[in-house]
Amino acid sequence: MVTTTTAPAPARPSTPGTGRTKKGRLPRSKLPYLLLLPAIALELLVHVVPMVVGVWMSVLELTQFQIRDWSAAPFVGLDNYKATLDVNGPVGKELLHSFWVTVMYTTLSVGLSWLFGLFAGVYLQRPFPGRSLLRTLFLTPYALPVYAAVITWTFIFQRDTGLLNELLTTTGLADDRPFWLIGGNSFWALLVVSVWRSWPFAFLCVMAGLQNVPSEMYEAAAIDGAGFWRRLKDVTLPMLRPVNQVLILVLFLWTFNDFNTPFVLFGGSAPEQADLISIHIYRSSFITWNFGQGSAMSVALLLFLLIVTAGYLLVTNRRREHA
Amino acid sequence: MSRRLLAMTAAALVLAASITACGDDSEGGSGGAKTLTYWASNQGSSLDFDKQTLQPELDKFEQQTGIKVNVEVVPWSDLLNRLLAAATSGKGPDVVNIGNTWSASLQATGAFIPFDDATIGAVGGKDRFVPAALAAAGAPGQPPTAVPLYSLAYALYYNKKMFADAGISAPPTTWEELVTTGKKLTKGDQWGLAVEGANISENSHHAFAFGQQWGGEWFDASGKPTFDTPQNVAAVKRYIDLMAVDKIVNPSNAEYAQNQSVSDFANGKAAMLLWQAAGNAFKTQGMAADAYGVAPVPFPATTPAGGKKVNSMVAGINIAVFKHTKDKDAALQFVKFMTSDAEQVQLNKVYGSLPSVTTVSGDAAFQAEEQKVLASVLATSAAPLPQVAEESKFETLVGTAMKELFADAASGKAVTEDAVKEKLGNAQQQMGS
Amino acid sequence: MRETAAERWSRRVVLTLLTLFTVTPLYVMLSSAVKPLRDVQGAFTWLPTRPSFQAFVDMWSTVPLGRYLVNSLLVSSVAAVVSVAIAIFAAFAVSRYRFRGRQVFSVTVLSTQMFPGILFLLPLFLIYVNLGNATGIELYASRTGLVITYLTFSLPFSIWMLVGYFDSIPRGLDEAAQVDGAGPMRTLFQVILPTAIPGVVAVTVYAFMTAWGEVLFASVMTDENSRTLAVGLQGYATQYNVYWNQVMAASLVVSIPVVAGFLMLQRYFVAGLTAGAVK
């Protein structure tokens with residue numbers, strides 16, 4: 001079994017710094033650049049250059065009149081940004097609203113996905129009949145094509161013919177059949193679908209992280225008389241911290257820019273209560289052919305996410321060093 | 001050692017790339033001079049059905065002219081994005097189908113060959129085409145950016161049996177009658193009318209037609225948006241009121257965006273439906289052709305001031321030629337072939353649409369009730385959507401505003417004139433300058 | 001360590017709720033797949049009143065499902081393998097070397113995950129077309145172009161995970177190999193990689209799933225020959241009708257190879273993600 005030979009040896013995972021003596025490093029040469037070359041070339045081609053072009057687009061007036069010949073597109077400086085970020089103007093107001101919706105949505109979705117993943121992972125630590133079946137089952141949503149998965153949820157949320165309202169009315173939880181895909185509830189519908197699609201990934205990472213926690217630590221805690229919550233707080237969570245740091249950041253970035261879920265769920269135009277920023281940019285840029293403005297929104301978003309990520313990494317790394 | 005390994009890896013990458021590459025069919029266009037690439041829109045019951053419908057015709061064309069046409073049927077979900085990409089890059093097919101509401105938007109890109117007098121002459125001349133359909137092929141005052149291929153119009157479909165059971169002998173011709181009729185037919189699980197309340201394009205099409213009837217315009221002569229005029233507000237309110245006030249539409253329809261209203265009609269849950277050339281869709285849903293009747297979309301009983309006799313947009317599919325084509329003559333020959341009498345009869349018959357040329361309207365293929373009604377609407381009371389470059393913005397913003405109004409109506413909120421005006425005004429502001 | 005009764009019951013409750021949450025949509029999918037279209041559109045019923053497997057037959061002809069499946073499997077597999085190969089070299093460099101630009105590289109790679117994909121679309125498309133015109137290598141509407149796009153999409157996170165994983169492999173192993181006279185490449189291939197197999201498998205699965213599920217770029221960068229499942233499934237929504245039962249049947253069928261792959265790789269994936277995430 002490969003896993004037995006490869007488990008990182010020390011009980012505590014090696015933290016950055018350990019073993020990073022000068023002696024352990026291979027000689028400095030041109031080799032690292034050579035090794036990075038394919039990655040750099042591809043990143044440049046597929047990510048960096050298009051991003052730079054995107055930034056350039058954001059200072060142009062670029063609509064269908066100009067897209068055939070971008071050099072003819074008039075340079076408008078920061079006009080797109082002004083229109084976009086002026087929160088009193090119609091465009092900025094809508095964008096700001098959509099931004100807050102997205103922040104709420106991302107916070108809740110990442111939080112819930114992580115909680116679900118954590119508890120499923122913790123409760124599946126102990127062997128019991130059917131454990132591996134549950135493991136596979138919990139991972140299945142990750143394997144389904146997005147389109148089909150989300151369409152299935154629209155079935156469930158249909159007012160007249162959906163399963164959810166069928167359940168609510170037969171159990172007497174609701175007298176009237178509520179709407180789920182329009183109006184205020186659409187936010188919650190979107191959230192449920194998002195959590196359903198992303199918690200398996202959180203589960204996978206947590207489950208993996210837990211395998212590194214030596215069982216002696218739990219036994220020691222149990223001898224000290226620690227109950228479930230104390231064990232969770234004193235053993236599980238500290239041991240999971242490195243996993244969680246990566247996991248939460250990845251979930252955050254995915255969820256914040258998630259396009260497919262709202263696009264399929266609401267058919268291209270989300271209700272205002274669930275108007276996520278990705279959909280909003282699509283609507284104000286792609287559908288309406290205003291690429292300059294869409295780029296300005298995207299660049300503003302990129303800056304925001306960069307700041308949040310930098311802050312997050314700073315805080316979590318400092319906490320880890322102190323811990 | 002290291003260099004060899006790197007070289008081996010590089011070789012493996014190249015190999016992997018070439019494995020995936022050699023499976024790809026080679027693109028047409030560059031091989032022989034006489035090969036065209038054609039993107040067809042999805043008109044039939046499946047992509048494959050369309051391909052099998054078109055292929056024999058393309059073979060005929062090759063026999064006649066020696067020009068080979070490679071067709072790809074592009075799903076509607078991808079078509080506009082791919083046209084946009086092709087227009088931007090100058091790389092793509094020679095001939096394409098476009099939704100006719102996109103005409104002015106795409107025209108503004110300058111990526112298509114304008115059908116000026118000489119060009120349109122090469123495909124048979126301006127007079128060949130149904131005037132209303134040709135009017136929906138580009139901004140007024142400019143040469144059309146495409147020529148019409150398949151034509152469609154909105155009509156009122158009604159369930160004959162439900163009408164007979166309720167003792168109604170004739171379909172409504174005014175909105176007032178439609179409401180009375182609808183109320184009679186709304187009982188139990190059955191509703192008078194089905195609408196596609198969350199479908200943005202559908203909504204905006206109705207906004208346009210109702211707007212015309214109430215004397216409204218969505219853009220003024222200089223192309224500025226005029227969304228929240230009293231006429232447009234009254235028109236949109238009339239449409240929303242079918243659910244909000246008259247209660248002949250199931251509130252659930254406010255969330256319909258995937259043709260559920262067609263299913264509801266076909267499955268006997270609603271007695272009436274406003275739709276464009278729905279016959280084929282009903283057929284695939286198991287509704288027999290004699291189970292439903294077709295009538296023109298109603299008008300207001302008394303024409304509001306400035307109201308026009310318009311009860312449908314000119315719907316349809318146009319065919320256009322990219323400027324980047326290597327063989328303009330061959331491309332135009334193909335357009336001429338597709339709009340020839342024989343092909344117009346053949347293809348429109350299969351797709352349940354109407355010919356876009358005047359010469360074959362009398363053909364036996366188009367004498368069914370549905371086609372006759374649609375043809376007369378198209379000939380007498382259909383108008384093209386505003387042919388402005390911002391048309392897609394109009395559809396998105398106004399369609400979305402109406403979707404929100406339907407949502408309000410469905411949840412029991414009163415949809416007042418002020419509420420409609422506010423939504424439309426908001427949409428207009430977002431049109432920008 | 002014994003489980004108290006309260007813990008046992010809370011475990012049962014939580015796992016039951018999560019199972020219901022996960023299974024309900026899967027059940028809806030399955031039951032819709034075996035209903036005739038008319039019943040799918042009708043009011044919800046737990047059991048199909050008229051079960052029919054016709055959808056599983058029709059789905060192959062409504063859209064060229066077989067071709068899409070082959071495309072998706074091919075594109076995702078090649079993208080995953082190549083992405084991981086490139087990520088291994090890059091992660092090795094970042095983990096084992098200090099060099100100028102190391103930080104810049106890491107930050108840039110991370111920031112690419114923050115720009116909305118929709119705005120990449122047109123520029124990337126233009127780049128591909130121009131590259132194609134200049135070199136004759138067809139990237140637009142070809143599987144090669146898709147492979148390159150997708151492998152780059154998964155590259156940042158793959159590198160990130162692998163760096164963490166390589167960092168957790170003791171340097172002592174490198175040194176021992178060097179003492180034996182191994183060069184850097186031999187150290188990588190004979191010492192580090194064998195130790196890192198679980199991490200590599202985990203990253204491969206991630207890269208595969210990234211390519212497998214991508215919709216937006218696939219909708220513009222493919223034609224009928226190179227179209228993948230993620231967009232191809234939308235073909236069941238035709239001009240006349242949406243064949244819901246076939247969408248569901250097709251989704252279930254195409255997911256089988258992926259779920260089977262999960263089952264086979266689960267052991268490695270589980271072990272691998274741990275170490276990869278431990279930085």
# chains A, B, ... in the order shown; residues from 1 in each chain; ligands from 1
>>> interface_residues(of="chain B", to="chain A", cutoff="7 Å", atoms="only C-alpha atoms", output="ChimeraX atom specification")
/B:87-89,108-109,252,255,257,392-393,400,407,429-430
>>> write_last_selection(atoms="C-alpha atoms", output="PDB file, in the first residue's frame")
ATOM      1  CA  ALA B  87     -17.063  38.822 -35.428  1.00  0.00           C
ATOM      2  CA  THR B  88     -14.311  39.881 -33.050  1.00  0.00           C
ATOM      3  CA  SER B  89     -11.623  37.667 -34.477  1.00  0.00           C
ATOM      4  CA  ALA B 108     -23.113  47.549 -35.787  1.00  0.00           C
ATOM      5  CA  THR B 109     -20.088  45.266 -35.575  1.00  0.00           C
ATOM      6  CA  SER B 252     -46.718  30.052 -10.773  1.00  0.00           C
ATOM      7  CA  GLU B 255     -41.149  31.626 -12.531  1.00  0.00           C
ATOM      8  CA  ALA B 257     -38.402  30.343 -18.110  1.00  0.00           C
ATOM      9  CA  SER B 392     -30.238  43.230 -26.797  1.00  0.00           C
ATOM     10  CA  LYS B 393     -29.935  45.676 -23.924  1.00  0.00           C
ATOM     11  CA  THR B 400     -36.009  41.605 -16.483  1.00  0.00           C
ATOM     12  CA  ALA B 407     -42.828  38.129  -9.314  1.00  0.00           C
ATOM     13  CA  GLN B 429     -31.439  54.593 -16.624  1.00  0.00           C
ATOM     14  CA  GLN B 430     -29.323  51.513 -17.006  1.00  0.00           C
TER      15      GLN B 430
END
>>> residues_around(residues="Thr106 in chain A", least_positions_apart="6", cutoff="8 Å", atoms="only C-alpha atoms", output="NGL selection string")
:A and (252 or 255-256)
>>> residues_around(residues="Ala170 in chain B", least_positions_apart="6", cutoff="10 Å", atoms="only C-alpha atoms", output="PyMOL selection string")
chain B and resi 158+160+163-164+181+293+295
>>> atom_distance(atom1="CA of Trp199 in chain A", atom2="CA of Leu112 in chain A")
7.7 Å
>>> closest_residue(among="C:Gln246, C:Tyr240, C:Val220, C:Thr144", to="Ala55 in chain C", atoms="only C-alpha atoms")
C:Gln246
>>> interface_residues(of="chain C", to="chain B", cutoff="8 Å", atoms="only C-alpha atoms", output="VMD selection string")
chain C and resid 38 41 61 to 64 74 to 75 78 82 122 125 to 126 129 142 to 144 183 to 186 219 to 221 223 to 226 234 to 236 238 to 242
>>> closest_residue(among="C:Thr228, C:Ser76, C:Thr22, C:Thr210", to="chain A", atoms="only C-alpha atoms")
C:Thr22
>>> residues_around(residues="Gly261 in chain C", least_positions_apart="6", cutoff="10 Å", atoms="only C-alpha atoms", output="number ranges by chain")
A: 143; C: 205, 255
>>> residues_around(residues="Phe208 in chain C", least_positions_apart="2", cutoff="9 Å", atoms="only C-alpha atoms", output="list of chain:residue names")
C:Leu73, C:Val75, C:Ser76, C:Ser77, C:Val78, C:Ala79, C:Ala80, C:Val81, C:Tyr150, C:Leu151, C:Ser154, C:Val203, C:Thr204, C:Val205, C:Tyr206, C:Thr210, C:Ala211, C:Trp212, C:Gly213
>>> write_last_selection(atoms="N, CA and C atoms", output="JSON list (two decimals), in the first residue's frame")
[["chain", "number", "residue", "atom", "x", "y", "z"],
["C", 73, "LEU", "N", -14.03, 13.01, -21.80],
["C", 73, "LEU", "CA", -13.06, 12.11, -21.16],
["C", 73, "LEU", "C", -11.66, 12.38, -21.69],
["C", 75, "VAL", "N", -10.43, 15.13, -23.31],
["C", 75, "VAL", "CA", -9.92, 16.46, -22.96],
["C", 75, "VAL", "C", -9.56, 16.52, -21.48],
["C", 76, "SER", "N", -10.45, 16.02, -20.63],
["C", 76, "SER", "CA", -10.20, 16.10, -19.19],
["C", 76, "SER", "C", -8.98, 15.27, -18.80],
["C", 77, "SER", "N", -8.86, 14.07, -19.37],
["C", 77, "SER", "CA", -7.73, 13.21, -19.00],
["C", 77, "SER", "C", -6.42, 13.84, -19.44],
["C", 78, "VAL", "N", -6.34, 14.24, -20.70],
["C", 78, "VAL", "CA", -5.09, 14.81, -21.19],
["C", 78, "VAL", "C", -4.76, 16.08, -20.41],
["C", 79, "ALA", "N", -5.77, 16.93, -20.20],
["C", 79, "ALA", "CA", -5.52, 18.17, -19.46],
["C", 79, "ALA", "C", -5.02, 17.85, -18.05],
["C", 80, "ALA", "N", -5.62, 16.86, -17.41],
["C", 80, "ALA", "CA", -5.22, 16.53, -16.05],
["C", 80, "ALA", "C", -3.77, 16.04, -16.03],
["C", 81, "VAL", "N", -3.45, 15.12, -16.93],
["C", 81, "VAL", "CA", -2.10, 14.54, -16.92],
["C", 81, "VAL", "C", -1.05, 15.61, -17.22],
["C", 150, "TYR", "N", -7.84, 24.32, -20.23],
["C", 150, "TYR", "CA", -8.22, 23.68, -18.97],
["C", 150, "TYR", "C", -7.02, 23.33, -18.12],
["C", 151, "LEU", "N", -5.95, 22.90, -18.76],
["C", 151, "LEU", "CA", -4.81, 22.53, -17.94],
["C", 151, "LEU", "C", -4.26, 23.77, -17.24],
["C", 154, "SER", "N", -6.40, 24.66, -14.09],
["C", 154, "SER", "CA", -6.17, 23.89, -12.87],
["C", 154, "SER", "C", -4.75, 24.06, -12.35],
["C", 203, "VAL", "N", -4.15, 15.80, -6.97],
["C", 203, "VAL", "CA", -4.12, 16.93, -7.87],
["C", 203, "VAL", "C", -4.66, 16.53, -9.25],
["C", 204, "THR", "N", -4.37, 15.31, -9.66],
["C", 204, "THR", "CA", -4.88, 14.85, -10.95],
["C", 204, "THR", "C", -6.40, 14.84, -10.94],
["C", 205, "VAL", "N", -6.97, 14.35, -9.86],
["C", 205, "VAL", "CA", -8.43, 14.31, -9.77],
["C", 205, "VAL", "C", -8.99, 15.74, -9.83],
["C", 206, "TYR", "N", -8.37, 16.63, -9.09],
["C", 206, "TYR", "CA", -8.83, 18.02, -9.09],
["C", 206, "TYR", "C", -8.75, 18.60, -10.51],
["C", 210, "THR", "N", -11.85, 19.92, -12.87],
["C", 210, "THR", "CA", -11.91, 21.29, -13.38],
["C", 210, "THR", "C", -12.27, 21.29, -14.87],
["C", 211, "ALA", "N", -11.64, 20.42, -15.62],
["C", 211, "ALA", "CA", -11.90, 20.36, -17.05],
["C", 211, "ALA", "C", -13.28, 19.76, -17.32],
["C", 212, "TRP", "N", -13.64, 18.80, -16.54],
["C", 212, "TRP", "CA", -14.89, 18.06, -16.74],
["C", 212, "TRP", "C", -16.11, 18.96, -16.60],
["C", 213, "GLY", "N", -16.05, 19.93, -15.69],
["C", 213, "GLY", "CA", -17.23, 20.71, -15.39],
["C", 213, "GLY", "C", -17.29, 22.07, -16.06]]
>>> residues_around(residues="range 213-230 of chain B", least_positions_apart="5", cutoff="10 Å", atoms="only C-alpha atoms", output="compact mmCIF listing (two decimals) with C-alpha atoms, in the first residue's frame")
# COMPACT_ATOMS: atom_id res chain seq x y z
CA ALA B 207 -43.71 44.62 -24.19
CA PHE B 208 -43.05 45.63 -27.76
CA ALA B 235 -49.06 48.54 -22.16
CA VAL B 236 -46.81 46.64 -19.76
CA ARG B 238 -52.05 45.52 -19.26
CA PRO B 298 -56.07 40.36 -29.66
CA PHE B 299 -56.19 44.16 -29.72
CA PRO B 300 -57.68 46.61 -27.22
CA THR B 303 -57.69 51.80 -29.80
CA PRO B 304 -55.75 54.07 -27.41
CA ALA B 305 -54.52 57.36 -28.83
CA GLY B 306 -51.68 56.73 -31.22
CA GLY B 307 -52.22 52.98 -30.98
CA LYS B 308 -51.08 50.90 -33.93
CA LYS B 309 -52.63 47.87 -35.48
CA VAL B 310 -49.72 45.67 -34.46
CA ASN B 311 -50.15 42.37 -32.66
CA SER B 312 -46.85 40.66 -33.14
CA LEU B 385 -38.60 45.09 -32.94
CA PRO B 386 -36.70 48.37 -32.67
CA GLN B 387 -33.79 47.99 -35.08
CA VAL B 388 -31.20 49.68 -32.90
CA ALA B 389 -27.80 48.49 -31.84
CA GLU B 390 -28.89 48.43 -28.20
CA GLU B 391 -31.72 46.00 -28.95
CA PHE B 394 -33.60 46.57 -24.36
CA VAL B 398 -37.17 45.48 -20.01
CA GLU B 417 -48.91 52.20 -12.46
CA VAL B 420 -44.45 49.76 -13.41
CA LYS B 421 -43.17 53.23 -14.19
CA GLU B 422 -40.46 52.92 -11.58
CA LYS B 423 -39.22 49.59 -12.91
CA LEU B 424 -39.21 50.78 -16.49
CA GLY B 425 -37.56 54.05 -15.50
CA ASN B 426 -34.90 52.11 -13.68
CA ALA B 427 -34.31 49.97 -16.74
CA GLN B 428 -34.07 53.06 -18.89
CA GLN B 429 -31.44 54.59 -16.62
CA MET B 431 -29.33 51.92 -20.76
CA GLY B 432 -26.71 54.55 -20.09
CA SER B 433 -26.16 57.50 -22.31
>>> residues_around(residues="Leu37 in chain A", least_positions_apart="5", cutoff="10 Å", atoms="only C-alpha atoms", output="ChimeraX atom specification")
/A:31-32,42-43 /C:86,89-90
>>> select_by_dssp(residues="range 37-216 of chain C", states="alpha helix (DSSP H)", output="PyMOL selection string")
chain C and resi 37-41+54-62+65-96+102-111+117-135+143-167+171-179+184-186+193-195+197-213+216
>>> atom_distance(atom1="CA of Asp327 in chain B", atom2="CA of Ile120 in chain B")
16.3 Å
>>> atom_distance(atom1="CA of Lys183 in chain B", atom2="CA of Met162 in chain B")
12.4 Å
>>> closest_residue(among="C:Leu193, C:Val104, C:Ile137, C:Pro123", to="chain A", atoms="only C-alpha atoms")
C:Pro123
